[in-house]
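Data file: final_29.cif. Format and content: mmCIF, C-alpha atoms and all ligand atoms.
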data_protein
loop_
_atom_site.label_atom_id
_atom_site.label_comp_id
_atom_site.auth_asym_id
_atom_site.auth_seq_id
_atom_site.Cartn_x
_atom_site.Cartn_y
_atom_site.Cartn_z
CA MET K 1 42.75 -18.04 -26.06
CA SER K 2 42.91 -14.36 -26.94
CA LYS K 3 41.83 -11.77 -24.36
CA ARG K 4 38.88 -9.67 -25.38
CA SER K 5 39.71 -6.01 -26.00
CA PRO K 6 38.01 -3.56 -23.61
CA ASP K 7 36.91 -1.66 -26.75
CA THR K 8 34.84 -4.59 -28.03
CA PRO K 9 31.15 -3.63 -27.75
CA PHE K 10 28.89 -5.66 -25.50
CA ASP K 11 26.30 -7.74 -27.35
CA VAL K 12 23.43 -6.43 -25.25
CA LEU K 13 23.38 -3.48 -22.84
CA VAL K 14 20.42 -3.34 -20.44
CA ILE K 15 19.51 -0.03 -18.78
CA GLY K 16 17.97 -0.68 -15.35
CA CYS K 17 18.01 -3.74 -13.13
CA GLY K 18 14.50 -4.10 -11.77
CA PRO K 19 12.61 -7.29 -12.63
CA ALA K 20 12.35 -6.33 -16.34
CA GLY K 21 16.03 -5.47 -16.85
CA THR K 22 17.29 -8.36 -14.71
CA GLN K 23 15.22 -10.85 -16.69
CA ALA K 24 16.34 -9.32 -20.00
CA ALA K 25 20.00 -9.62 -18.92
CA VAL K 26 19.67 -13.20 -17.67
CA SER K 27 17.77 -14.30 -20.80
CA ALA K 28 20.38 -12.70 -23.10
CA ALA K 29 23.30 -14.21 -21.13
CA HIS K 30 21.57 -17.60 -21.36
CA GLN K 31 21.75 -17.24 -25.17
CA MET K 32 25.56 -16.80 -24.99
CA ARG K 33 25.52 -13.02 -25.15
CA HIS K 34 27.93 -10.68 -23.37
CA VAL K 35 25.67 -8.39 -21.38
CA ALA K 36 26.29 -5.06 -19.64
CA LEU K 37 23.65 -4.47 -16.97
CA ILE K 38 23.57 -0.83 -15.92
CA ASP K 39 22.63 -0.39 -12.26
CA GLY K 40 21.24 3.12 -11.86
CA GLY K 41 20.22 2.51 -8.24
CA ALA K 42 23.89 2.06 -7.26
CA VAL K 43 24.69 5.70 -8.04
CA SER K 44 21.34 7.48 -7.70
CA LEU K 45 18.14 7.42 -5.65
CA ARG K 46 16.25 6.24 -8.74
CA ARG K 47 16.27 2.69 -7.45
CA GLY K 48 13.22 1.48 -9.32
CA ARG K 49 9.62 0.97 -8.29
CA HIS K 50 10.34 -2.59 -7.16
CA PHE K 51 12.63 -1.16 -4.46
CA TRP K 52 10.20 1.23 -2.85
CA SER K 53 7.90 -1.24 -1.10
CA LYS K 54 9.84 -0.55 2.07
CA SER K 55 7.90 -2.50 4.69
CA VAL K 56 5.11 -3.97 2.53
CA GLU K 57 5.78 -7.48 1.19
CA PHE K 58 4.97 -8.30 -2.45
CA VAL K 59 2.73 -11.37 -2.35
CA ASP K 60 2.20 -11.82 -6.10
CA ALA K 61 5.82 -11.69 -7.34
CA PRO K 62 6.71 -15.05 -8.93
CA VAL K 63 8.16 -17.67 -6.55
CA PHE K 64 8.48 -15.44 -3.47
CA PRO K 65 5.61 -16.06 -1.02
CA GLY K 66 6.26 -12.61 0.46
CA ILE K 67 9.22 -10.25 0.11
CA THR K 68 9.85 -6.54 0.71
CA GLY K 69 11.27 -4.31 -2.07
CA PRO K 70 14.84 -4.04 -0.71
CA ALA K 71 15.05 -7.84 -0.19
CA PHE K 72 13.64 -8.43 -3.70
CA ASN K 73 16.27 -6.04 -5.08
CA ARG K 74 19.01 -8.11 -3.37
CA ALA K 75 17.55 -11.34 -4.77
CA LEU K 76 17.56 -9.90 -8.31
CA LYS K 77 21.22 -8.90 -7.87
CA GLU K 78 22.17 -12.38 -6.66
CA TRP K 79 20.45 -13.88 -9.71
CA THR K 80 22.65 -11.83 -12.08
CA GLU K 81 25.74 -12.69 -10.04
CA ALA K 82 25.03 -16.36 -10.79
CA GLN K 83 25.64 -15.55 -14.49
CA PRO K 84 29.07 -13.82 -14.31
CA GLU K 85 30.91 -12.83 -17.44
CA HIS K 86 33.41 -15.45 -18.62
CA GLU K 87 35.25 -16.52 -21.73
CA VAL K 88 34.11 -19.42 -23.95
CA THR K 89 35.43 -20.89 -27.19
CA ILE K 90 33.15 -21.96 -30.02
CA ASP K 91 34.75 -23.51 -33.10
CA GLY K 92 38.16 -22.11 -32.11
CA GLU K 93 36.87 -18.58 -31.65
CA SER K 94 37.01 -17.07 -28.17
CA ARG K 95 34.38 -14.69 -26.87
CA TYR K 96 32.90 -13.39 -23.66
CA ILE K 97 29.42 -14.24 -22.42
CA GLY K 98 27.53 -13.58 -19.17
CA ILE K 99 26.65 -10.43 -17.26
CA ARG K 100 28.87 -7.53 -16.19
CA ARG K 101 27.06 -5.27 -13.73
CA ILE K 102 28.10 -1.64 -14.12
CA PRO K 103 27.07 1.05 -11.59
CA GLY K 104 25.89 3.93 -13.74
CA TYR K 105 23.09 6.39 -14.28
CA VAL K 106 22.53 6.65 -18.04
CA THR K 107 22.31 10.17 -19.42
CA ASP K 108 22.75 9.69 -23.18
CA VAL K 109 22.54 7.06 -25.92
CA GLU K 110 24.02 7.84 -29.30
CA ARG K 111 24.54 5.82 -32.48
CA ALA K 112 28.26 5.56 -33.28
CA PRO K 113 29.49 5.78 -36.92
CA ASP K 114 29.97 1.97 -36.97
CA GLY K 115 26.27 1.44 -36.10
CA THR K 116 26.86 0.39 -32.47
CA LEU K 117 25.27 2.30 -29.62
CA ALA K 118 27.36 4.47 -27.29
CA VAL K 119 25.79 4.69 -23.85
CA THR K 120 27.04 7.44 -21.52
CA MET K 121 26.45 7.27 -17.79
CA SER K 122 27.47 9.04 -14.61
CA THR K 123 29.36 6.68 -12.35
CA ALA K 124 28.89 8.37 -8.97
CA MET K 125 26.15 10.14 -7.04
CA LEU K 126 25.57 13.78 -8.05
CA PRO K 127 27.97 15.81 -5.86
CA ARG K 128 26.12 18.15 -3.46
CA ASP K 129 28.28 21.11 -4.55
CA GLY K 130 26.65 21.10 -8.00
CA THR K 131 29.75 19.93 -9.90
CA ALA K 132 29.35 17.30 -12.60
CA PRO K 133 29.87 13.65 -11.56
CA PRO K 134 32.42 11.46 -13.42
CA THR K 135 31.10 9.75 -16.55
CA GLN K 136 31.87 6.67 -18.62
CA THR K 137 30.78 5.60 -22.12
CA VAL K 138 30.13 1.94 -22.90
CA ARG K 139 29.42 0.60 -26.40
CA ALA K 140 26.97 -2.16 -27.29
CA CYS K 141 25.44 -3.71 -30.41
CA THR K 142 21.94 -3.59 -28.92
CA VAL K 143 20.25 -1.79 -26.03
CA VAL K 144 17.30 -2.87 -23.88
CA VAL K 145 15.63 0.00 -21.99
CA ALA K 146 14.20 -1.23 -18.66
CA SER K 147 14.41 1.98 -16.66
CA GLY K 148 10.78 2.19 -15.52
CA PHE K 149 9.16 5.38 -14.31
CA GLU K 150 8.95 7.50 -11.18
CA ASP K 151 5.59 7.94 -9.48
CA GLY K 152 4.18 11.45 -9.18
CA TRP K 153 3.69 12.45 -5.52
CA PRO K 154 1.01 14.61 -3.90
CA ASP K 155 1.71 18.28 -3.49
CA ILE K 156 1.71 18.22 0.33
CA GLU K 157 4.54 19.69 2.44
CA ILE K 158 6.94 19.74 -0.51
CA GLU K 159 10.35 21.40 -0.34
CA SER K 160 9.89 23.71 -3.34
CA SER K 161 13.55 24.84 -3.47
CA ALA K 162 14.89 21.26 -3.73
CA GLU K 163 15.90 20.17 -7.22
CA ARG K 164 15.96 16.43 -6.67
CA ALA K 165 12.69 14.53 -6.44
CA TYR K 166 13.62 12.66 -3.27
CA ALA K 167 14.63 15.83 -1.43
CA LYS K 168 11.61 17.69 -2.73
CA TYR K 169 9.19 15.03 -1.50
CA GLY K 170 11.16 14.13 1.64
CA VAL K 171 8.12 14.11 3.95
CA VAL K 172 6.04 12.11 1.46
CA PHE K 173 8.87 9.56 1.09
CA ARG K 174 9.04 9.08 4.85
CA TYR K 175 5.55 7.58 4.63
CA ALA K 176 5.71 5.99 1.15
CA GLY K 177 5.90 2.23 0.70
CA ASN K 178 5.13 1.46 4.35
CA HIS K 179 2.30 -0.63 5.75
CA ARG K 180 0.67 2.49 7.13
CA GLY K 181 1.76 4.99 4.51
CA TRP K 182 1.31 6.19 0.94
CA HIS K 183 0.50 3.48 -1.61
CA VAL K 184 0.57 3.94 -5.39
CA CYS K 185 -1.05 0.73 -6.63
CA VAL K 186 -4.45 -0.39 -5.37
CA ARG K 187 -4.09 -3.74 -7.14
CA CYS K 188 -0.79 -4.32 -5.27
CA ASP K 189 -1.63 -3.05 -1.81
CA GLY K 190 -5.46 -2.97 -1.66
CA HIS K 191 -5.48 -6.29 0.22
CA LEU K 192 -3.82 -4.60 3.21
CA HIS K 193 -6.96 -2.50 3.73
CA THR K 194 -9.85 -4.96 3.57
CA ASP K 195 -13.04 -3.24 4.76
CA ARG K 196 -10.98 -0.27 5.99
CA GLU K 197 -11.32 3.47 5.47
CA LEU K 198 -9.30 4.70 2.46
CA ALA K 199 -8.09 8.16 1.44
CA ILE K 200 -7.63 8.37 -2.34
CA VAL K 201 -5.75 11.49 -3.48
CA GLY K 202 -5.87 12.78 -7.06
CA VAL K 203 -8.22 14.15 -9.71
CA GLY K 204 -10.02 13.15 -12.89
CA ASP K 205 -10.43 9.81 -14.63
CA TYR K 206 -7.24 8.30 -13.21
CA ILE K 207 -8.43 8.72 -9.66
CA PHE K 208 -11.82 7.25 -10.47
CA ASP K 209 -9.92 4.21 -11.82
CA VAL K 210 -8.40 3.83 -8.34
CA VAL K 211 -11.86 4.09 -6.73
CA HIS K 212 -13.19 1.52 -9.18
CA GLY K 213 -10.31 -0.88 -8.40
CA ALA K 214 -10.56 -0.36 -4.64
CA GLN K 215 -14.14 -1.77 -4.58
CA ASP K 216 -12.58 -5.28 -4.47
CA PHE K 217 -11.18 -4.51 -1.01
CA THR K 218 -13.43 -1.96 0.67
CA HIS K 219 -16.41 0.30 0.04
CA ARG K 220 -15.30 2.97 2.53
CA MET K 221 -13.50 5.64 0.52
CA THR K 222 -12.93 9.40 0.35
CA VAL K 223 -11.46 11.07 -2.74
CA LEU K 224 -9.37 14.12 -1.79
CA THR K 225 -8.54 16.51 -4.63
CA ASN K 226 -6.07 18.55 -2.53
CA GLY K 227 -7.68 21.88 -3.44
CA ARG K 228 -7.99 21.24 -7.18
CA PRO K 229 -11.13 20.97 -9.30
CA HIS K 230 -12.19 17.29 -9.24
CA GLY K 231 -12.10 16.95 -13.05
CA MET K 232 -14.75 14.21 -13.08
CA SER K 233 -17.79 14.06 -15.32
CA ASP K 234 -21.36 14.35 -13.95
CA ALA K 235 -21.86 10.64 -14.67
CA VAL K 236 -18.77 9.70 -12.63
CA LEU K 237 -19.80 12.00 -9.77
CA ALA K 238 -23.27 10.46 -9.74
CA GLU K 239 -21.75 6.97 -9.60
CA MET K 240 -19.46 7.98 -6.71
CA LYS K 241 -22.46 9.34 -4.83
CA ARG K 242 -24.47 6.17 -5.50
CA ARG K 243 -21.56 4.08 -4.12
CA GLY K 244 -21.18 6.25 -1.02
CA VAL K 245 -17.71 7.54 -2.01
CA ARG K 246 -17.12 10.92 -0.36
CA LEU K 247 -15.49 13.86 -2.18
CA GLU K 248 -13.28 16.35 -0.30
CA THR K 249 -11.99 19.33 -2.29
CA GLU K 250 -10.25 21.28 0.51
CA ARG K 251 -6.47 21.66 0.19
CA ILE K 252 -4.38 19.26 2.27
CA GLU K 253 -1.98 21.19 4.45
CA ALA K 254 -0.02 18.52 6.30
CA HIS K 255 0.46 14.87 7.13
CA ILE K 256 -0.51 13.60 10.55
CA GLY K 257 1.91 10.80 11.32
CA SER K 258 3.90 8.98 13.92
CA GLY K 259 7.37 7.70 12.98
CA ARG K 260 6.90 6.15 9.52
CA ASP K 261 3.15 5.58 10.02
CA LEU K 262 0.76 7.93 8.27
CA LEU K 263 -2.41 8.32 10.32
CA GLY K 264 -4.31 11.21 8.76
CA LEU K 265 -4.30 14.47 6.83
CA ARG K 266 -4.80 18.01 8.12
CA LEU K 267 -6.82 20.19 5.76
CA ALA K 268 -6.28 23.92 5.18
CA ASP K 269 -9.54 24.75 7.03
CA GLY K 270 -8.13 23.04 10.15
CA ARG K 271 -10.09 19.79 9.98
CA GLU K 272 -8.16 16.58 10.67
CA LEU K 273 -9.25 13.45 8.78
CA PHE K 274 -8.00 10.01 9.82
CA PHE K 275 -7.81 6.95 7.53
CA ASP K 276 -6.49 3.36 7.56
CA GLY K 277 -4.93 3.57 4.09
CA PHE K 278 -3.68 6.26 1.67
CA PHE K 279 -3.59 5.82 -2.10
CA VAL K 280 -2.37 8.38 -4.60
CA ASP K 281 -2.25 8.69 -8.37
CA GLU K 282 -0.56 11.90 -9.48
CA GLY K 283 0.70 10.54 -12.81
CA LEU K 284 4.20 9.34 -13.65
CA VAL K 285 7.55 10.50 -14.99
CA PRO K 286 9.21 8.05 -17.43
CA ASN K 287 12.96 7.48 -17.04
CA ASP K 288 13.89 7.80 -20.70
CA GLU K 289 15.48 11.26 -21.09
CA PHE K 290 18.60 9.54 -22.48
CA LEU K 291 16.68 8.45 -25.62
CA ALA K 292 16.03 12.02 -26.81
CA ARG K 293 18.30 11.67 -29.87
CA PHE K 294 16.05 8.90 -31.23
CA SER K 295 12.73 10.84 -30.95
CA PRO K 296 10.79 7.93 -29.42
CA GLN K 297 7.00 7.87 -29.56
CA HIS K 298 5.17 8.30 -26.23
CA ASP K 299 1.57 7.57 -25.26
CA ASP K 300 -0.67 9.99 -23.32
CA GLU K 301 1.03 9.08 -20.04
CA GLY K 302 4.54 9.53 -21.47
CA LEU K 303 5.36 5.83 -21.79
CA LEU K 304 7.30 4.34 -24.71
CA VAL K 305 5.28 2.97 -27.63
CA CYS K 306 6.72 -0.36 -28.87
CA ASP K 307 5.82 -2.96 -31.50
CA GLU K 308 4.89 -6.54 -30.60
CA ASP K 309 8.58 -7.50 -30.53
CA HIS K 310 9.26 -4.80 -27.91
CA ARG K 311 11.19 -2.60 -30.35
CA ILE K 312 10.74 1.10 -29.52
CA LEU K 313 8.93 3.07 -32.23
CA ASP K 314 9.94 6.58 -33.22
CA VAL K 315 7.49 9.45 -33.73
CA ASP K 316 6.99 8.33 -37.35
CA GLY K 317 6.02 4.81 -36.25
CA ASN K 318 9.28 3.15 -37.38
CA ALA K 319 11.13 0.70 -35.12
CA ILE K 320 14.38 2.28 -33.89
CA PRO K 321 17.11 -0.16 -34.98
CA GLY K 322 18.84 -2.02 -32.15
CA ILE K 323 16.76 -0.64 -29.24
CA TRP K 324 14.12 -2.57 -27.29
CA ALA K 325 12.15 -1.75 -24.13
CA CYS K 326 10.44 -3.75 -21.40
CA GLY K 327 8.67 -3.42 -18.06
CA ASP K 328 6.83 -0.43 -16.64
CA ILE K 329 8.27 2.04 -19.16
CA VAL K 330 6.40 0.39 -22.04
CA ALA K 331 2.94 1.77 -22.94
CA GLY K 332 0.01 -0.61 -22.48
CA GLU K 333 1.78 -3.02 -20.08
CA ARG K 334 0.36 -3.95 -16.70
CA ASN K 335 2.64 -2.18 -14.22
CA LEU K 336 3.31 -5.32 -12.20
CA ILE K 337 6.33 -7.48 -11.40
CA ALA K 338 5.28 -10.66 -13.22
CA SER K 339 4.49 -8.65 -16.36
CA ALA K 340 7.90 -6.94 -16.10
CA PHE K 341 9.62 -10.34 -15.99
CA ALA K 342 7.63 -11.51 -19.03
CA SER K 343 8.36 -8.48 -21.18
CA GLY K 344 11.98 -8.50 -19.97
CA GLN K 345 12.38 -11.98 -21.29
CA ASP K 346 10.86 -11.04 -24.65
CA ALA K 347 13.07 -7.97 -25.06
CA GLY K 348 16.24 -9.79 -23.93
CA LEU K 349 15.63 -12.65 -26.35
CA GLU K 350 14.70 -10.37 -29.25
CA ALA K 351 17.90 -8.34 -28.76
CA SER K 352 19.92 -11.58 -28.56
CA ASP K 353 18.31 -13.11 -31.62
CA SER K 354 19.00 -9.99 -33.69
CA LEU K 355 22.72 -10.79 -33.32
CA ARG K 356 22.59 -14.26 -34.87
CA ARG K 357 25.03 -14.59 -37.74
CA TRP K 358 22.68 -16.04 -40.30
CA ALA K 359 19.00 -15.52 -40.93
CA PRO K 360 16.26 -18.19 -41.06
CA VAL K 361 15.63 -19.81 -44.45
CA ASN K 362 12.14 -19.05 -45.78
C1 LIG T 401 5.23 0.93 -3.59
C2 LIG T 401 5.02 -0.06 -4.73
C3 LIG T 401 4.43 -1.28 -4.48
C4 LIG T 401 4.25 -2.20 -5.51
N1 LIG T 401 3.69 -3.42 -5.24
C5 LIG T 401 3.60 -4.35 -6.20
C6 LIG T 401 3.07 -5.65 -5.94
O1 LIG T 401 2.66 -5.95 -4.80
N2 LIG T 401 3.02 -6.54 -6.95
C7 LIG T 401 3.46 -6.24 -8.21
O2 LIG T 401 3.42 -7.10 -9.09
N3 LIG T 401 3.95 -5.01 -8.52
C8 LIG T 401 4.03 -4.07 -7.54
N4 LIG T 401 4.49 -2.82 -7.83
C9 LIG T 401 4.87 -2.51 -9.22
C10 LIG T 401 6.25 -3.06 -9.55
O3 LIG T 401 7.17 -2.62 -8.58
C11 LIG T 401 6.65 -2.61 -10.94
O4 LIG T 401 5.67 -2.98 -11.88
C12 LIG T 401 7.99 -3.22 -11.34
O5 LIG T 401 8.99 -2.92 -10.41
C13 LIG T 401 8.41 -2.75 -12.73
O6 LIG T 401 9.66 -3.29 -13.01
P1 LIG T 401 10.68 -2.56 -14.01
O7 LIG T 401 11.89 -3.44 -14.01
O8 LIG T 401 10.01 -2.24 -15.28
O9 LIG T 401 11.01 -1.15 -13.35
P2 LIG T 401 11.62 -0.76 -11.92
O10 LIG T 401 11.38 -1.78 -10.89
O11 LIG T 401 11.09 0.62 -11.69
O12 LIG T 401 13.21 -0.69 -12.18
C14 LIG T 401 13.75 0.34 -12.98
C15 LIG T 401 15.26 0.23 -12.93
O13 LIG T 401 15.81 1.21 -13.82
C16 LIG T 401 16.86 1.91 -13.15
N5 LIG T 401 16.99 3.23 -13.79
C17 LIG T 401 16.10 4.23 -13.90
N6 LIG T 401 16.62 5.26 -14.61
C18 LIG T 401 17.88 4.88 -14.95
C19 LIG T 401 18.94 5.50 -15.68
N7 LIG T 401 18.80 6.70 -16.25
N8 LIG T 401 20.12 4.82 -15.81
C20 LIG T 401 20.29 3.59 -15.28
N9 LIG T 401 19.31 2.95 -14.59
C21 LIG T 401 18.13 3.60 -14.43
C22 LIG T 401 16.45 1.92 -11.68
O14 LIG T 401 17.58 2.12 -10.84
C23 LIG T 401 15.87 0.49 -11.56
O15 LIG T 401 16.93 -0.43 -11.38
C24 LIG T 401 4.66 -1.86 -6.82
C25 LIG T 401 5.24 -0.61 -7.08
C26 LIG T 401 5.42 0.29 -6.05
C27 LIG T 401 6.05 1.62 -6.33
#
Once you've parsed the file, please lay out its structure as C-alpha cells.
Amino acid sequence: MSKRSPDTPFDVLVIGCGPAGTQAAVSAAHQMRHVALIDGGAVSLRRGRHFWSKSVEFVDAPVFPGITGPAFNRALKEWTEAQPEHEVTIDGESRYIGIRRIPGYVTDVERAPDGTLAVTMSTAMLPRDGTAPPTQTVRACTVVVASGFEDGWPDIEIESSAERAYAKYGVVFRYAGNHRGWHVCVRCDGHLHTDRELAIVGVGDYIFDVVHGAQDFTHRMTVLTNGRPHGMSDAVLAEMKRRGVRLETERIEAHIGSGRDLLGLRLADGRELFFDGFFVDEGLVPNDEFLARFSPQHDDEGLLVCDEDHRILDVDGNAIPGIWACGDIVAGERNLIASAFASGQDAGLEASDSLRRWAPVN
C-alpha cells in the first residue's frame, strides 16, 4: 500500500471540538472520511462553553446522568480517540480515514487556487512577551466551523489594561461556572435555584427573557442594570412590577465572595445585596474571525446564518462552497449540548456527502 503524502488535503477539517465539532468529526470519520479536528482549547483559553461548567454538572447532556464541563471535555476527547486515523484499501486504492486531532487556534481560512481550503492556526499559547506564536497551515476539501461563541461578562471589577478576555475578567471567572457563582443559562442552571433569591444582571429585552425563563424555578428575582438605563419598555416594566420582580439601577462596584463562592454584590452607594444565584446576559462574541475572507452573513447577535443543510451563507445569501457550521455559532439554534450534537451530525454528514464521487440519479 502506498503511504499518503503529508500534502494530501484532509477530506473534512473541523474547527472546534465541543459537542458540535466532536460529533461532526465522528460522523464524518464514520463515513470513511479523513478528518482533521482542530483543538483550540489545547493552545488557548478559548476552551468552549461546554468546558466552563466548572463545578456544576450538566444533567441534560445525552447519556451522562450528571457530568461537569472538564469531565465532559475529557469524554469527548476519548470518543474521538476511539476513531484514530488509519489506512484502508477500497478496490485496490489506499486512503486514510479516521480522526487526527491537531492542537491549533485557527486564525485564517483561505481558498487555495486548486479549490481546497487552507486553514492557518497558531500551534502554541500566545507568548506573554507579545511575540507571535508558531503557526501551521493545513489543507482540506471541506471545513466545518464548530467554534461556538464566548459569553459577554458583566463590567464589574474588570482589569481594563488586560488584552485577553480571561485576564480582563479574572475576578468574574473565579466565580463563573460554579454552583454558587455566575451562570449564563437559566434553562441550564435554573434548577439549582428552586424557590431561591436570584440576581439577574443585564439590560433590555435579553434580560427580560432571562426573567421570563426563570419563572419556572423561582419567583424571587432582582434585575440589576449595573448603572445603565434599563432599556425595557413600559409594558415590560409593568409586567415586572406585577410579578414582583425588583429593579436595581445602581452601579455594581464589587463582588462579595468567599473562595469560589459568590455570595453578593456591593453597590456603588455602599449597599450590600446578597443572593442565592447570579445570572448574567451581556451578549456574546462569536468565534469566527477566521472566516473574514468569505464575508459570512451574521444575525443581530453576530451568529452565522446558514441554510437548512448547515452551509454558511455569505452577505448576498449564497452558500459559501465547502464550508458548513454547527452548534452554538449558528443563528437560530438552541444553545444547548443536545442541539449541538444534532447539528454537528448534520454538518459532518453534509460535508462528507459532498465528497462522494458520483451524484444521485434523478
Ligand atoms: C456555564 C455553562 C453552563 C451550561 N450548561 C448547560 C447545560 O446544563 N445543558 C446544556 O445542554 N447546555 C449547557 N450549556 C451550553 C452548552 O455548553 C453549549 O450549548 C455547547 O457547549 C455548544 O457546543 P459547541 O460545540 O457549539 O461549542 P463549544 O462547546 O463552545 O465549543 C467550541 C469549541 O471551539 C473551539 N474554538 C473556538 N475558537 C476556536 C478557534 N479560533 N480555533 C480552534 N478552535 C476554536 C473551542 O476550543 C471549543 O473546543 C452551558 C454553557 C455554559 C457556558
Note to self: Measuring between all atoms listed in the file, which one of K:Leu355, K:Leu224, K:Ile156, K:Val330 shows the shortest distance to K:Glu253?
What the structure shows: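 Once distances to K:Glu253 are computed over all atoms listed in the file, the minimum belongs to K:Ile156.
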Next item on the list: Do a neighbour search on stretch 331-336 of chain K at 7 Å with all atoms listed in the file, toss out local chain neighbours closer than 5 positions, and write the hits as a VMD selection string.
Entry: chain K and resid 299 303 to 305
Next item on the list: Kindly work out which residues sit at most 6 Å from ligand LIG 401 (chain T), using all atoms listed in the file, and give the list as an NGL selection string.
Entry: :K and (15-21 or 38-41 or 46-50 or 52-53 or 58-61 or 104-107 or 146-149 or 177 or 183-184 or 188-189 or 287 or 327-328 or 335-338 or 340)
Note to self: From the options K:Ala319, K:Ala132, K:Met232, K:Val223, which residue's atoms come nearest to K:Arg246, counting only C-alpha atoms?
What the structure shows: K:Val223
Margin query: Distance cut-off 10 Å, centre (14.9, -0.2, -26.8) in file coordinates, counting only C-alpha atoms: which residues qualify? Return them as a ChimeraX atom specification.
Written below: /K:13-15,142-146,291,296,304,306,310-313,319-326,330,347,351
The selected residues should be written to file as a PDB file, keeping the file's coordinate frame (atoms: C-alpha atoms).
ATOM      1  CA  LEU K  13      23.380  -3.480 -22.840  1.00  0.00           C
ATOM      2  CA  VAL K  14      20.420  -3.340 -20.440  1.00  0.00           C
ATOM      3  CA  ILE K  15      19.510  -0.030 -18.780  1.00  0.00           C
ATOM      4  CA  THR K 142      21.940  -3.590 -28.920  1.00  0.00           C
ATOM      5  CA  VAL K 143      20.250  -1.790 -26.030  1.00  0.00           C
ATOM      6  CA  VAL K 144      17.300  -2.870 -23.880  1.00  0.00           C
ATOM      7  CA  VAL K 145      15.630   0.000 -21.990  1.00  0.00           C
ATOM      8  CA  ALA K 146      14.200  -1.230 -18.660  1.00  0.00           C
ATOM      9  CA  LEU K 291      16.680   8.450 -25.620  1.00  0.00           C
ATOM     10  CA  PRO K 296      10.790   7.930 -29.420  1.00  0.00           C
ATOM     11  CA  LEU K 304       7.300   4.340 -24.710  1.00  0.00           C
ATOM     12  CA  CYS K 306       6.720  -0.360 -28.870  1.00  0.00           C
ATOM     13  CA  HIS K 310       9.260  -4.800 -27.910  1.00  0.00           C
ATOM     14  CA  ARG K 311      11.190  -2.600 -30.350  1.00  0.00           C
ATOM     15  CA  ILE K 312      10.740   1.100 -29.520  1.00  0.00           C
ATOM     16  CA  LEU K 313       8.930   3.070 -32.230  1.00  0.00           C
ATOM     17  CA  ALA K 319      11.130   0.700 -35.120  1.00  0.00           C
ATOM     18  CA  ILE K 320      14.380   2.280 -33.890  1.00  0.00           C
ATOM     19  CA  PRO K 321      17.110  -0.160 -34.980  1.00  0.00           C
ATOM     20  CA  GLY K 322      18.840  -2.020 -32.150  1.00  0.00           C
ATOM     21  CA  ILE K 323      16.760  -0.640 -29.240  1.00  0.00           C
ATOM     22  CA  TRP K 324      14.120  -2.570 -27.290  1.00  0.00           C
ATOM     23  CA  ALA K 325      12.150  -1.750 -24.130  1.00  0.00           C
ATOM     24  CA  CYS K 326      10.440  -3.750 -21.400  1.00  0.00           C
ATOM     25  CA  VAL K 330       6.400   0.390 -22.040  1.00  0.00           C
ATOM     26  CA  ALA K 347      13.070  -7.970 -25.060  1.00  0.00           C
ATOM     27  CA  ALA K 351      17.900  -8.340 -28.760  1.00  0.00           C
TER      28      ALA K 351
END
Padding of 6 Å on every side, edges along x, y and z, all listed atoms of stretch 188-192 of chain K included: what centre and edge lengths in Å, to one decimal, does that box have, as JSON?
{"center_x": -3.1, "center_y": -4.6, "center_z": -1.0, "size_x": 16.7, "size_y": 15.3, "size_z": 20.5}
Note to self: Using all atoms listed in the file for the distances, tell me which of K:Arg174, K:Arg180, K:Arg139, K:Arg95 is nearest to K:Arg111.
What the structure shows: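 Nearest to K:Arg111: K:Arg139.
The space between atom CA of K:Asp346 and atom CA of K:Thr68 spans 25.8 Å.
For the choices K:Phe275, K:His255, K:Leu265, K:Ala140, the atom-to-atom distance to K:Glu197 is smallest for K:Phe275 when using all atoms listed in the file.
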Notebook entry, point to check: Nearest to K:Ser44: which of K:Met240, K:Asn226, K:Gly170, K:Arg164 is it, counting all atoms listed in the file?
Noted result: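 Ranked by minimum distance to K:Ser44, first place goes to K:Arg164.
For the set K:Pro133, K:Gly270, K:Arg33, K:Gly181, the residue with the smallest atom-to-atom gap to K:Gln83 is K:Arg33, counting all atoms listed in the file.
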Note to self: I'd like the neighbourhood of K:Gly227 as a count of residues only, where a residue qualifies if any of its atoms comes within 6 Å (using only C-alpha atoms), though same-chain residues fewer than 4 positions away should be ignored.
What the structure shows: 3
